[in-house]
Structure formats: structure tokens, C-alpha cells
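The file coords_30.tsv contains TSV, C-alpha atoms and all ligand atoms:
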```tsv
chain	number	residue	atom	x	y	z
A	16	MET	CA	73.98	98.56	72.28
A	17	THR	CA	76.06	100.77	70.06
A	18	ASP	CA	76.85	100.45	66.37
A	19	THR	CA	80.54	100.19	67.20
A	20	ALA	CA	80.07	97.21	69.52
A	21	VAL	CA	82.45	94.46	68.52
A	22	ILE	CA	80.93	92.05	71.01
A	23	GLU	CA	77.25	92.04	71.87
A	24	VAL	CA	75.76	89.73	74.45
A	25	GLU	CA	72.05	89.80	75.15
A	26	ASP	CA	70.43	87.70	77.85
A	27	LEU	CA	72.95	84.89	77.42
A	28	ARG	CA	72.17	81.64	79.17
A	29	ARG	CA	74.19	78.47	79.25
A	30	SER	CA	73.11	75.24	80.88
A	31	TYR	CA	74.99	72.00	81.13
A	32	ALA	CA	73.67	68.47	80.75
A	33	GLY	CA	71.60	67.73	83.81
A	34	GLY	CA	70.07	71.20	83.70
A	35	PHE	CA	72.58	73.19	85.78
A	36	GLU	CA	72.51	76.78	84.59
A	37	ALA	CA	76.04	78.25	84.74
A	38	VAL	CA	75.15	81.53	82.99
A	39	SER	CA	71.75	82.94	83.87
A	40	GLY	CA	70.88	85.73	81.47
A	41	ILE	CA	73.75	88.19	81.17
A	42	SER	CA	74.01	91.17	78.83
A	43	PHE	CA	76.96	93.38	77.97
A	44	SER	CA	78.71	94.86	75.00
A	45	VAL	CA	82.34	95.60	74.23
A	46	ALA	CA	83.20	98.52	71.96
A	47	ALA	CA	85.91	98.46	69.32
A	48	GLY	CA	89.33	98.99	70.85
A	49	GLU	CA	88.09	98.52	74.39
A	50	LEU	CA	89.62	96.28	77.03
A	51	PHE	CA	86.85	94.49	78.87
A	52	ALA	CA	87.52	92.31	81.92
A	53	LEU	CA	85.30	89.49	83.12
A	54	LEU	CA	85.85	88.87	86.79
A	55	GLY	CA	84.23	86.51	89.22
A	56	THR	CA	84.72	84.03	91.99
A	57	ASN	CA	85.51	80.40	91.11
A	58	GLY	CA	82.63	78.86	89.22
A	59	ALA	CA	80.96	82.23	88.53
A	60	GLY	CA	80.53	81.43	84.84
A	61	LYS	CA	83.44	83.26	83.18
A	62	THR	CA	84.72	80.31	81.15
A	63	SER	CA	81.17	79.26	80.27
A	64	THR	CA	80.62	82.76	78.87
A	65	VAL	CA	83.91	83.15	77.05
A	66	GLU	CA	83.60	79.75	75.37
A	67	VAL	CA	80.41	81.01	73.74
A	68	LEU	CA	82.08	84.25	72.62
A	69	GLU	CA	84.95	82.27	71.13
A	70	GLY	CA	82.48	80.16	69.15
A	71	LEU	CA	83.49	76.94	70.89
A	72	GLU	CA	80.04	76.34	72.36
A	73	ARG	CA	76.55	77.45	71.47
A	74	PRO	CA	74.40	79.41	73.92
A	75	THR	CA	71.43	77.65	75.49
A	76	ALA	CA	69.49	80.90	75.02
A	77	GLY	CA	70.15	84.52	74.21
A	78	ARG	CA	71.99	86.30	71.44
A	79	VAL	CA	75.74	86.72	70.94
A	80	ARG	CA	77.48	88.60	68.16
A	81	VAL	CA	81.21	88.94	67.64
A	82	LEU	CA	82.28	91.32	64.85
A	83	GLY	CA	78.64	91.29	63.77
A	84	HIS	CA	78.43	87.51	63.38
A	85	ASP	CA	77.21	84.52	65.33
A	86	PRO	CA	80.53	83.11	66.57
A	87	TYR	CA	79.25	79.53	66.67
A	88	ARG	CA	77.30	79.27	63.43
A	89	GLU	CA	79.60	81.56	61.47
A	90	ARG	CA	82.80	80.25	62.96
A	91	GLY	CA	84.55	80.22	59.61
A	92	VAL	CA	84.07	83.97	59.31
A	93	VAL	CA	84.80	84.92	62.92
A	94	ARG	CA	87.65	82.57	63.83
A	95	PRO	CA	90.32	84.08	61.50
A	96	ARG	CA	89.64	87.50	63.02
A	97	ILE	CA	89.98	86.55	66.68
A	98	GLY	CA	92.89	85.37	68.79
A	99	VAL	CA	92.39	83.02	71.69
A	100	MET	CA	94.93	82.56	74.43
A	101	LEU	CA	94.17	79.18	75.87
A	102	GLN	CA	95.34	77.97	79.23
A	103	GLU	CA	97.87	75.21	78.64
A	104	GLY	CA	98.16	75.33	74.87
A	105	GLY	CA	99.18	71.66	74.86
A	106	PHE	CA	102.25	72.11	72.66
A	107	ALA	CA	104.56	69.23	71.78
A	108	GLY	CA	107.45	69.37	74.26
A	109	GLU	CA	110.09	68.24	71.78
A	110	LEU	CA	109.60	71.18	69.40
A	111	THR	CA	111.41	74.45	69.99
A	112	ALA	CA	109.51	77.66	70.62
A	113	ALA	CA	110.19	78.83	67.05
A	114	GLU	CA	109.16	75.49	65.52
A	115	THR	CA	105.95	75.57	67.52
A	116	VAL	CA	105.06	79.06	66.31
A	117	ARG	CA	106.05	78.18	62.72
A	118	MET	CA	103.77	75.16	62.77
A	119	TRP	CA	100.82	77.24	63.90
A	120	ALA	CA	101.70	80.02	61.48
A	121	GLY	CA	101.26	77.48	58.68
A	122	CYS	CA	97.59	77.16	59.62
A	123	THR	CA	97.01	80.90	60.12
A	124	THR	CA	96.03	83.33	57.38
A	125	GLY	CA	98.20	86.47	57.30
A	126	ALA	CA	100.36	85.25	60.19
A	127	ARG	CA	103.04	87.50	61.67
A	128	PRO	CA	106.63	86.39	61.02
A	129	VAL	CA	107.71	83.83	63.64
A	130	GLY	CA	110.48	86.08	65.00
A	131	GLU	CA	108.12	89.01	65.41
A	132	ALA	CA	105.57	86.94	67.35
A	133	LEU	CA	108.30	85.65	69.68
A	134	GLU	CA	109.86	89.11	70.14
A	135	MET	CA	106.49	90.59	71.04
A	136	VAL	CA	106.16	88.29	74.03
A	137	GLY	CA	109.81	88.53	75.06
A	138	LEU	CA	110.79	85.05	73.86
A	139	GLY	CA	113.10	86.19	71.05
A	140	ARG	CA	116.19	84.83	72.76
A	141	ARG	CA	114.47	81.58	73.73
A	142	ARG	CA	113.39	80.70	70.20
A	143	ASP	CA	115.60	77.60	69.95
A	144	VAL	CA	114.72	76.19	73.37
A	145	ARG	CA	112.47	73.13	73.45
A	146	VAL	CA	109.00	73.77	74.80
A	147	LYS	CA	109.49	71.20	77.56
A	148	GLN	CA	112.49	73.20	78.79
A	149	LEU	CA	110.62	76.51	78.99
A	150	SER	CA	109.55	77.71	82.42
A	151	GLY	CA	105.85	77.93	83.31
A	152	GLY	CA	105.90	81.68	82.70
A	153	GLU	CA	107.66	81.26	79.34
A	154	LYS	CA	105.06	78.70	78.25
A	155	ARG	CA	102.41	81.27	79.13
A	156	ARG	CA	104.16	83.77	76.86
A	157	LEU	CA	104.22	81.19	74.10
A	158	ASP	CA	100.45	80.79	74.53
A	159	LEU	CA	100.19	84.55	74.07
A	160	ALA	CA	102.41	84.51	70.97
A	161	MET	CA	100.02	81.98	69.40
A	162	ALA	CA	97.02	84.15	70.16
A	163	LEU	CA	98.74	87.14	68.53
A	164	LEU	CA	99.95	85.27	65.48
A	165	GLY	CA	97.03	86.09	63.19
A	166	ARG	CA	96.96	89.83	64.09
A	167	PRO	CA	93.53	89.41	65.68
A	168	GLU	CA	90.95	92.18	65.80
A	169	VAL	CA	89.56	90.66	68.98
A	170	LEU	CA	91.85	89.01	71.51
A	171	PHE	CA	90.60	86.70	74.26
A	172	LEU	CA	93.00	86.42	77.16
A	173	ASP	CA	92.29	83.80	79.81
A	174	GLU	CA	94.45	84.33	82.90
A	175	PRO	CA	97.31	85.68	80.75
A	176	THR	CA	99.81	86.26	83.54
A	177	THR	CA	99.37	83.17	85.68
A	178	GLY	CA	102.82	81.84	86.51
A	179	LEU	CA	104.64	85.03	85.48
A	180	ASP	CA	106.87	86.86	87.93
A	181	ALA	CA	106.24	90.53	88.71
A	182	GLU	CA	108.44	91.74	85.86
A	183	GLY	CA	106.89	89.32	83.36
A	184	ARG	CA	103.45	90.42	84.43
A	185	ARG	CA	104.34	94.09	83.88
A	186	GLU	CA	105.77	93.28	80.45
A	187	THR	CA	102.62	91.43	79.46
A	188	TRP	CA	100.51	94.36	80.68
A	189	GLU	CA	102.57	96.71	78.53
A	190	LEU	CA	102.11	94.47	75.51
A	191	VAL	CA	98.35	94.19	76.06
A	192	ARG	CA	98.05	97.95	76.51
A	193	GLY	CA	100.02	98.48	73.31
A	194	LEU	CA	97.69	96.13	71.40
A	195	ARG	CA	94.65	97.90	72.81
A	196	ASP	CA	96.14	101.27	71.86
A	197	THR	CA	96.50	100.14	68.26
A	198	GLY	CA	92.82	99.20	68.12
A	199	THR	CA	92.67	95.56	69.22
A	200	THR	CA	89.58	94.76	71.26
A	201	VAL	CA	90.52	92.66	74.28
A	202	VAL	CA	88.42	90.43	76.53
A	203	LEU	CA	90.34	89.49	79.64
A	204	THR	CA	89.39	86.97	82.28
A	205	THR	CA	91.55	87.08	85.36
A	206	HIS	CA	91.65	86.30	89.04
A	207	TYR	CA	94.13	89.11	89.61
A	208	LEU	CA	92.06	92.15	90.49
A	209	GLU	CA	95.13	94.34	90.27
A	210	GLU	CA	95.49	93.20	86.66
A	211	ALA	CA	91.93	94.22	85.85
A	212	GLU	CA	92.45	97.53	87.66
A	213	GLU	CA	95.60	98.18	85.61
A	214	LEU	CA	94.22	97.22	82.23
A	215	ALA	CA	90.45	97.28	81.97
A	216	ASP	CA	88.40	100.13	80.55
A	217	ARG	CA	85.24	98.41	81.72
A	218	LEU	CA	84.48	95.22	83.54
A	219	ALA	CA	81.73	92.92	84.68
A	220	ILE	CA	81.86	91.01	87.94
A	221	LEU	CA	80.04	87.70	87.59
A	222	HIS	CA	78.57	85.88	90.52
A	223	GLU	CA	76.70	82.60	90.14
A	224	GLY	CA	75.97	83.21	86.50
A	225	ARG	CA	74.77	86.78	86.82
A	226	ILE	CA	76.43	90.18	86.53
A	227	ALA	CA	76.66	91.45	90.10
A	228	ALA	CA	78.35	94.74	89.14
A	229	GLY	CA	79.67	96.26	85.98
A	230	GLY	CA	80.82	99.41	84.30
A	231	ARG	CA	83.93	101.55	84.21
A	232	VAL	CA	86.52	100.44	86.76
A	233	ALA	CA	86.46	103.82	88.50
A	234	ASP	CA	82.67	103.70	88.82
A	235	VAL	CA	82.63	100.17	90.26
A	236	VAL	CA	85.29	101.20	92.78
A	237	SER	CA	83.76	104.55	93.67
A	238	ALA	CA	80.45	102.84	94.46
A	239	GLN	CA	82.26	101.37	97.49
A	240	PRO	CA	83.02	103.35	100.65
A	241	SER	CA	86.44	104.92	101.07
A	242	HIS	CA	88.60	104.56	104.16
A	243	ILE	CA	90.10	107.00	106.62
A	244	SER	CA	92.23	105.91	109.53
A	245	PHE	CA	94.26	107.83	112.10
A	246	GLU	CA	95.37	107.76	115.71
A	247	LEU	CA	93.23	109.53	118.26
A	248	PRO	CA	95.22	112.46	119.67
A	249	ASP	CA	96.34	112.04	123.30
A	250	GLY	CA	93.63	112.96	125.74
A	251	TYR	CA	90.79	112.60	123.23
A	252	LEU	CA	88.01	110.00	122.93
A	253	VAL	CA	86.03	109.06	119.83
A	254	GLY	CA	83.11	110.99	121.31
A	255	ASP	CA	85.24	114.16	121.15
A	256	LEU	CA	85.40	113.97	117.35
A	257	PRO	CA	82.80	115.91	115.39
A	258	PRO	CA	79.56	113.90	114.94
A	259	LEU	CA	80.68	111.25	112.43
A	260	ALA	CA	77.29	110.84	110.72
A	261	ALA	CA	77.30	114.57	109.99
A	262	LEU	CA	80.63	114.09	108.18
A	263	GLY	CA	79.12	111.40	105.96
A	264	VAL	CA	80.80	108.53	107.82
A	265	SER	CA	78.82	105.32	107.35
A	266	SER	CA	80.63	103.17	109.94
A	267	HIS	CA	83.58	103.31	112.27
A	268	GLU	CA	85.63	101.02	114.45
A	269	THR	CA	88.46	101.52	116.90
A	270	ALA	CA	91.43	99.31	117.71
A	271	GLY	CA	93.39	100.74	120.64
A	272	ARG	CA	93.94	104.39	119.73
A	273	THR	CA	93.45	103.76	115.99
A	274	VAL	CA	90.15	104.90	114.48
A	275	ARG	CA	88.97	103.51	111.14
A	276	LEU	CA	86.14	105.20	109.28
A	277	ARG	CA	84.26	104.16	106.14
A	278	THR	CA	82.56	106.80	104.07
A	279	PRO	CA	80.97	107.18	100.65
A	280	GLU	CA	81.90	110.88	100.83
A	281	LEU	CA	85.65	110.91	101.21
A	282	GLN	CA	86.25	114.60	100.63
A	283	ARG	CA	83.55	115.73	103.04
A	284	ALA	CA	84.65	113.38	105.82
A	285	ALA	CA	88.37	114.14	105.39
A	286	THR	CA	87.77	117.89	105.29
A	287	GLY	CA	85.60	117.75	108.42
A	288	LEU	CA	88.27	115.83	110.33
A	289	LEU	CA	91.11	118.10	109.22
A	290	VAL	CA	89.16	121.24	110.12
A	291	TRP	CA	88.43	119.72	113.54
A	292	ALA	CA	92.11	118.87	114.03
A	293	ARG	CA	93.19	122.39	113.11
A	294	GLU	CA	90.61	124.00	115.38
A	295	ASN	CA	91.72	121.79	118.26
A	296	ARG	CA	95.41	122.24	117.38
A	297	VAL	CA	96.02	118.50	117.36
A	298	GLU	CA	97.79	116.23	114.91
A	299	LEU	CA	96.04	113.18	113.39
A	300	ARG	CA	99.07	110.87	113.47
A	301	GLY	CA	99.19	108.03	110.93
A	302	LEU	CA	96.46	109.68	108.87
A	303	ASP	CA	95.61	107.46	105.90
A	304	VAL	CA	92.92	108.52	103.44
A	305	ARG	CA	92.14	106.33	100.46
A	306	SER	CA	89.50	105.18	98.02
A	307	ALA	CA	88.43	101.56	97.92
A	308	SER	CA	90.48	99.29	95.66
A	309	LEU	CA	88.92	97.03	93.06
A	310	GLU	CA	89.79	94.15	95.35
A	311	GLU	CA	87.75	95.66	98.18
A	312	ALA	CA	84.89	96.38	95.80
A	313	PHE	CA	85.02	92.79	94.58
A	314	MET	CA	85.03	91.33	98.11
A	315	GLN	CA	82.18	93.59	99.16
A	316	ILE	CA	80.08	92.67	96.12
A	317	ALA	CA	80.73	88.97	96.75
A	318	ARG	CA	79.66	89.40	100.41
A	319	GLU	CA	76.49	91.27	99.42
A	320	GLN	CA	75.61	88.57	96.92
A	321	GLU	CA	76.09	85.85	99.54
A	322	ALA	CA	73.92	87.78	101.99
A	323	THR	CA	71.04	88.03	99.49
A	324	ARG	CA	70.99	84.30	98.70
B	401	LIG	N1	80.90	70.56	81.57
B	401	LIG	C1	80.25	70.96	82.67
B	401	LIG	N2	79.21	70.26	83.16
B	401	LIG	C2	78.53	70.66	84.26
B	401	LIG	N3	78.82	71.79	84.97
B	401	LIG	C3	79.85	72.52	84.52
B	401	LIG	C4	80.62	72.16	83.36
B	401	LIG	N4	81.59	73.10	83.19
B	401	LIG	C5	81.42	74.01	84.18
B	401	LIG	N5	80.39	73.66	84.98
B	401	LIG	C6	79.90	74.40	86.15
B	401	LIG	O1	79.46	75.67	85.72
B	401	LIG	C7	79.78	76.65	86.68
B	401	LIG	C8	80.57	77.77	86.01
B	401	LIG	O2	81.82	77.25	85.61
B	401	LIG	P1	82.89	78.15	84.82
B	401	LIG	O3	84.04	77.25	84.50
B	401	LIG	O4	82.21	78.85	83.71
B	401	LIG	O5	83.28	79.19	85.94
B	401	LIG	P2	84.53	80.19	86.01
B	401	LIG	O6	83.96	81.50	86.43
B	401	LIG	O7	85.29	80.15	84.74
B	401	LIG	O8	85.35	79.56	87.19
B	401	LIG	P3	86.94	79.56	87.51
B	401	LIG	O9	87.27	80.93	87.98
B	401	LIG	O10	87.01	78.57	88.61
B	401	LIG	O11	87.65	79.15	86.27
B	401	LIG	C9	80.53	75.95	87.79
B	401	LIG	O12	79.62	75.68	88.83
B	401	LIG	C10	81.00	74.67	87.14
B	401	LIG	O13	81.09	73.63	88.09
```
Mind turning this structure into C-alpha cells?
Amino acid sequence: MTDTAVIEVEDLRRSYAGGFEAVSGISFSVAAGELFALLGTNGAGKTSTVEVLEGLERPTAGRVRVLGHDPYRERGVVRPRIGVMLQEGGFAGELTAAETVRMWAGCTTGARPVGEALEMVGLGRRRDVRVKQLSGGEKRRLDLAMALLGRPEVLFLDEPTTGLDAEGRRETWELVRGLRDTGTTVVLTTHYLEEAEELADRLAILHEGRIAAGGRVADVVSAQPSHISFELPDGYLVGDLPPLAALGVSSHETAGRTVRLRTPELQRAATGLLVWARENRVELRGLDVRSASLEEAFMQIAREQEATR
């Protein structure tokens, strides 16, 4: 762990009454100003982990530090410095957006002005609308405004864009990036892998209470095979291609005339195929060459974990 770690988690375990262990010894750290995403299938243990980081629950075992303090025992010190975006903030429907923020601002040290908090999340023009009349996406933005109110050093975002349309999602991503760029440390839990791919510096993929994969997004993705697909040129069979194993191809399948290859060595395989095509003066129609996406990496990791059970 580094000296600049804002969040440090060492061998965290969390069991529920009855003995079920939802988090089974995970370790990670989040550096100052970093955006860290916690991903996982349903029930993987994300919420059970984040609740401990937020100081809402105590760990069953292990060590957790947020801004150098125990978030549960030293809640009074940690809480004013963190912002938590809860799912379904449970606001009173009769109050307007501005009244809701003002009420919370009254309990927050060093709160942003109400107008600023609402502008930040794109609710400036909806300030006088009652909460019950806000759309689902607007309520989500109000949740975010609350989390930002105290200018937190560490921001916990739980599914921040659920219910937002594509434009709203992009706007929230911009806002989160802006906060990160000005030094806010962000912990994001999300089911949208595209969101993690867009925002996260590093991530951990949880599966059944353990970290199945983690690290920089590019590294997690590049650990998965890339794809090449193309149409076999007229008159050629798969056997006419150069030996695929020699090109670093790990598996292949055909569907009609379409050939799909998987390879951990994209450049080598693609170069070999293109050289072959040039030498044979044929065109590889529909050629598609691409790295794995985070979504593919996630699915593959989940499959591998299931297979090793
Ligand atoms: N209060 C509780 N008592 C007993 N088991 C619980 C309790 N809360 C959660 N669990 C179990 O712990 C496991 C992890 O749950 P958790 O909510 O942390 O997962 P998650 O990754 O946040 O899931 P999701 O993506 O569905 O929100 C699940 O199997 C869940 O059923």
C-alpha cells in the first residue's frame, strides 16, 4: 500500500447473521484522486464492501482505512469528508428540489450554495419542482447533488446513472470526470460496464466475495483474447489460411463463409493474415479486428469463476 492511499482495504471479511460470508478476504487500495470501480455480478459483495468503507457497518475481520481513519469507529472524523450517493435518497415528495438541498445543507459543514449544487447536476432549472414530480433520472441527479453538497474528498457513487437517458448519463460522466480531475477520489459501483470503462482508472471485479480480477482497465481488458473476423475469399477453405496456431490464434470458428478468430496476440495474428492476403492477392471482406471490451472480459471472468467452483 502506498502513503498516498486514501482508501486501504486489507483482507476484509464480512459475514451476516447466520454465518454467511458475503466478503471473503479482499484487499485493495485507492490512491488520492483516483477513480476506482467495484464491479461484480448480483450478490458479489459490492454493497457489503462499500457499506464498510462508508462507515455504516463494521467489518467482521480485516482492516479498513479511509483518509487514514477507521470509518466505523472514527465516523465523526471521516463522515464530514466523504460524500455518499445513496440509491433512493428517500426525500420528502412535497418539498421542492431546492428546499430538499437546503434542508440537507443545514446539516452539512461547509456546504456548497444550494444553486451551485443543483447547477452541477443539471437541475438548476428544476429547482422549484416538487421532488415527487421529478422524473426517475432527475431524482438520481438530486441524489448526486446531496453527495456533492459537502465538497467531499472521497465520493461514493452507487449506480449513479441508473434511470438516466443516454444524454443524462454522458453529463453525469462529465461531472464525475471533472470532480476526479480536481482531486476528488471516487469509488464507483456500477452494473454498466461501459460506465466503468469510460470512467475508471482502476477496478476490481468481485465474484462471490472475492476479487476475481483487478487492476488498470486496459490491463484487465488486454488479459482477454482479441477478435478478428472476416469472410473467406471465394475458392478458399479455412485449411488454406496460414497455420492459425503459428499466428498466435488460440481458437477459431466458422459460420458459413465467416471466420472468427480469438487471439492474445492481435498484432501478430492480424499481420500474418494481411500478409497472406496480399501474397494471395485476395481481399478479406468484412475484416473486423478489435480488442476485447470490458464487458467481454467481465463475462469471461465470470465464466471462468463458475467453471472453477
Ligand atoms: N442483511 C443480509 N443478511 C444476509 N445476507 C445478506 C444480507 N445482505 C446481503 N446479503 C447477501 O450477501 C451477498 C452479497 O450481497 P451484496 O448486496 O453485497 O451484493 P452486491 O454485489 O451489492 O449485489 P447487487 O449487484 O445485486 O447489488 C448476497 O448473497 C446477499 O444475498
Please put the answer as JSON: centre and edge lengths, in Å with one decimal, of a box along x, y and z that encloses all listed atoms of ligand LIG 401 (chain B) plus 8 Å on each side.
```
{"center_x": 83.1, "center_y": 75.9, "center_z": 85.2, "size_x": 25.1, "size_y": 27.2, "size_z": 23.3}
```
Using all atoms listed in the file, which of the listed residues (A:Leu133, A:Ala59, A:Met100, A:Leu164) sits closest to A:Thr176?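 Distance minimum relative to A:Thr176 lands on A:Met100.
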Can you work out which one of A:Val129, A:Ala120, A:Val264, A:Leu170 has the shortest atom-to-atom distance to A:Leu68, counting all atoms listed in the file?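 Comparing A:Val129, A:Ala120, A:Val264, A:Leu170 against A:Leu68, the winner is A:Leu170.
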Computed interatomic separation between atom CA of A:Lys154 and atom CA of A:Gly139 (Å):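 Result for atom CA of A:Lys154 versus atom CA of A:Gly139: 13.1 Å, one decimal.
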Throw together the list of residues within 9 Å of ligand LIG 401 (chain B), counting only C-alpha atoms and all ligand atoms, and drop it here as a ChimeraX atom specification. /A:29-38,53-66,204-206,221-224
Interatomic distance between atom CA of A:Tyr87 and atom CA of A:Ile226?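 Interatomic distance here is 22.7 Å.
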Can you pull out the residues contacting A:Arg184? Cut-off 12 Å, using all atoms listed in the file, and skip same-chain residues under 4 positions away; I want them as number ranges by chain. A: 136-137, 152-153, 155-156, 174-180, 188-191, 207, 209-210, 213-214
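Of the listed residues A:Phe106, A:Phe43, A:Phe313, A:Phe51, the one whose atoms come nearest to A:Ala238 is A:Phe313, with distances taken using all atoms listed in the file.
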Which is closer to A:Arg145 than all the others in A:Asp249, A:Pro128, A:Ala46, A:Thr111, using only C-alpha atoms? A:Thr111
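From atom CA of A:Arg80 back to atom CA of A:Leu27, the distance works out to 11.0 Å.
For the choices A:Ala219, A:Ala285, A:Leu276, A:Ala292, the atom-to-atom distance to A:Leu309 is smallest for A:Ala219 when using all atoms listed in the file.
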Calculated over all atoms listed in the file, which of the candidates A:Leu252, A:Ile243, A:Leu163, A:Leu172 has the smallest distance to A:Thr123?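 Between A:Leu252, A:Ile243, A:Leu163, A:Leu172, the residue approaching A:Thr123 most closely is A:Leu163.
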With a distance cut-off of 12 Å and only C-alpha atoms, select the neighbouring residues of A:Ser241, excluding the residue or stretch itself and same-chain residues fewer than 3 positions from it, and output the selection as an NGL selection string. :A and (236-238 or 244 or 263-267 or 275-285 or 303-309 or 311-312)
I'd like the neighbourhood of A:Asp196 as a list in words, where a residue qualifies if any of its atoms comes within 12 Å (using all atoms listed in the file), though same-chain residues fewer than 2 positions away should be ignored.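 The filter keeps Ala47, Gly48, Glu49, Leu50, Glu189, Leu190, Val191, Arg192, Gly193, Leu194, Gly198, Thr199, Thr200, Val201, Leu214 and Asp216 of chain A.
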Find the spatial neighbours of A:Ser44, counting only C-alpha atoms, within a cut-off of 6 Å - ignore same-chain residues fewer than 2 positions away - and output them as a ChimeraX atom specification. /A:22-24
Using the atoms already present, construct N, CA, C and O atoms for stretch 186-202 of chain A and hand them back as a tab-separated table (two decimals), in the frame of the given file.
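Contents of the output file rebuild.tsv:
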```
chain	number	residue	atom	x	y	z
A	186	GLU	N	105.48	93.28	81.89
A	186	GLU	CA	105.77	93.28	80.45
A	186	GLU	C	104.53	92.87	79.65
A	186	GLU	O	104.23	93.45	78.61
A	187	THR	N	103.83	91.87	80.16
A	187	THR	CA	102.62	91.43	79.46
A	187	THR	C	101.58	92.55	79.48
A	187	THR	O	100.89	92.80	78.48
A	188	TRP	N	101.48	93.24	80.60
A	188	TRP	CA	100.51	94.36	80.68
A	188	TRP	C	100.85	95.43	79.64
A	188	TRP	O	99.97	95.95	78.98
A	189	GLU	N	102.15	95.71	79.52
A	189	GLU	CA	102.57	96.71	78.53
A	189	GLU	C	102.17	96.28	77.13
A	189	GLU	O	101.67	97.07	76.33
A	190	LEU	N	102.42	95.01	76.83
A	190	LEU	CA	102.11	94.47	75.51
A	190	LEU	C	100.60	94.57	75.25
A	190	LEU	O	100.16	95.01	74.18
A	191	VAL	N	99.82	94.17	76.23
A	191	VAL	CA	98.35	94.19	76.06
A	191	VAL	C	97.86	95.62	75.88
A	191	VAL	O	97.02	95.90	75.02
A	192	ARG	N	98.43	96.53	76.66
A	192	ARG	CA	98.05	97.95	76.51
A	192	ARG	C	98.39	98.46	75.12
A	192	ARG	O	97.61	99.15	74.49
A	193	GLY	N	99.58	98.06	74.64
A	193	GLY	CA	100.02	98.48	73.31
A	193	GLY	C	99.06	97.96	72.23
A	193	GLY	O	98.70	98.68	71.30
A	194	LEU	N	98.62	96.71	72.38
A	194	LEU	CA	97.69	96.13	71.40
A	194	LEU	C	96.36	96.88	71.44
A	194	LEU	O	95.79	97.22	70.41
A	195	ARG	N	95.90	97.16	72.66
A	195	ARG	CA	94.65	97.90	72.81
A	195	ARG	C	94.79	99.29	72.17
A	195	ARG	O	93.90	99.76	71.46
A	196	ASP	N	95.94	99.92	72.39
A	196	ASP	CA	96.14	101.27	71.86
A	196	ASP	C	96.18	101.30	70.33
A	196	ASP	O	95.96	102.34	69.73
A	197	THR	N	96.50	100.15	69.73
A	197	THR	CA	96.50	100.14	68.26
A	197	THR	C	95.18	99.56	67.73
A	197	THR	O	95.09	99.18	66.56
A	198	GLY	N	94.18	99.49	68.59
A	198	GLY	CA	92.82	99.20	68.12
A	198	GLY	C	92.32	97.79	68.35
A	198	GLY	O	91.18	97.47	68.00
A	199	THR	N	93.15	96.92	68.95
A	199	THR	CA	92.67	95.56	69.22
A	199	THR	C	91.66	95.59	70.37
A	199	THR	O	91.90	96.25	71.38
A	200	THR	N	90.57	94.90	70.19
A	200	THR	CA	89.58	94.76	71.26
A	200	THR	C	90.01	93.57	72.11
A	200	THR	O	90.36	92.53	71.56
A	201	VAL	N	90.01	93.73	73.42
A	201	VAL	CA	90.52	92.66	74.28
A	201	VAL	C	89.47	92.26	75.33
A	201	VAL	O	88.87	93.12	75.97
A	202	VAL	N	89.25	90.95	75.44
A	202	VAL	CA	88.42	90.43	76.53
A	202	VAL	C	89.34	89.64	77.44
A	202	VAL	O	89.99	88.69	77.00
```
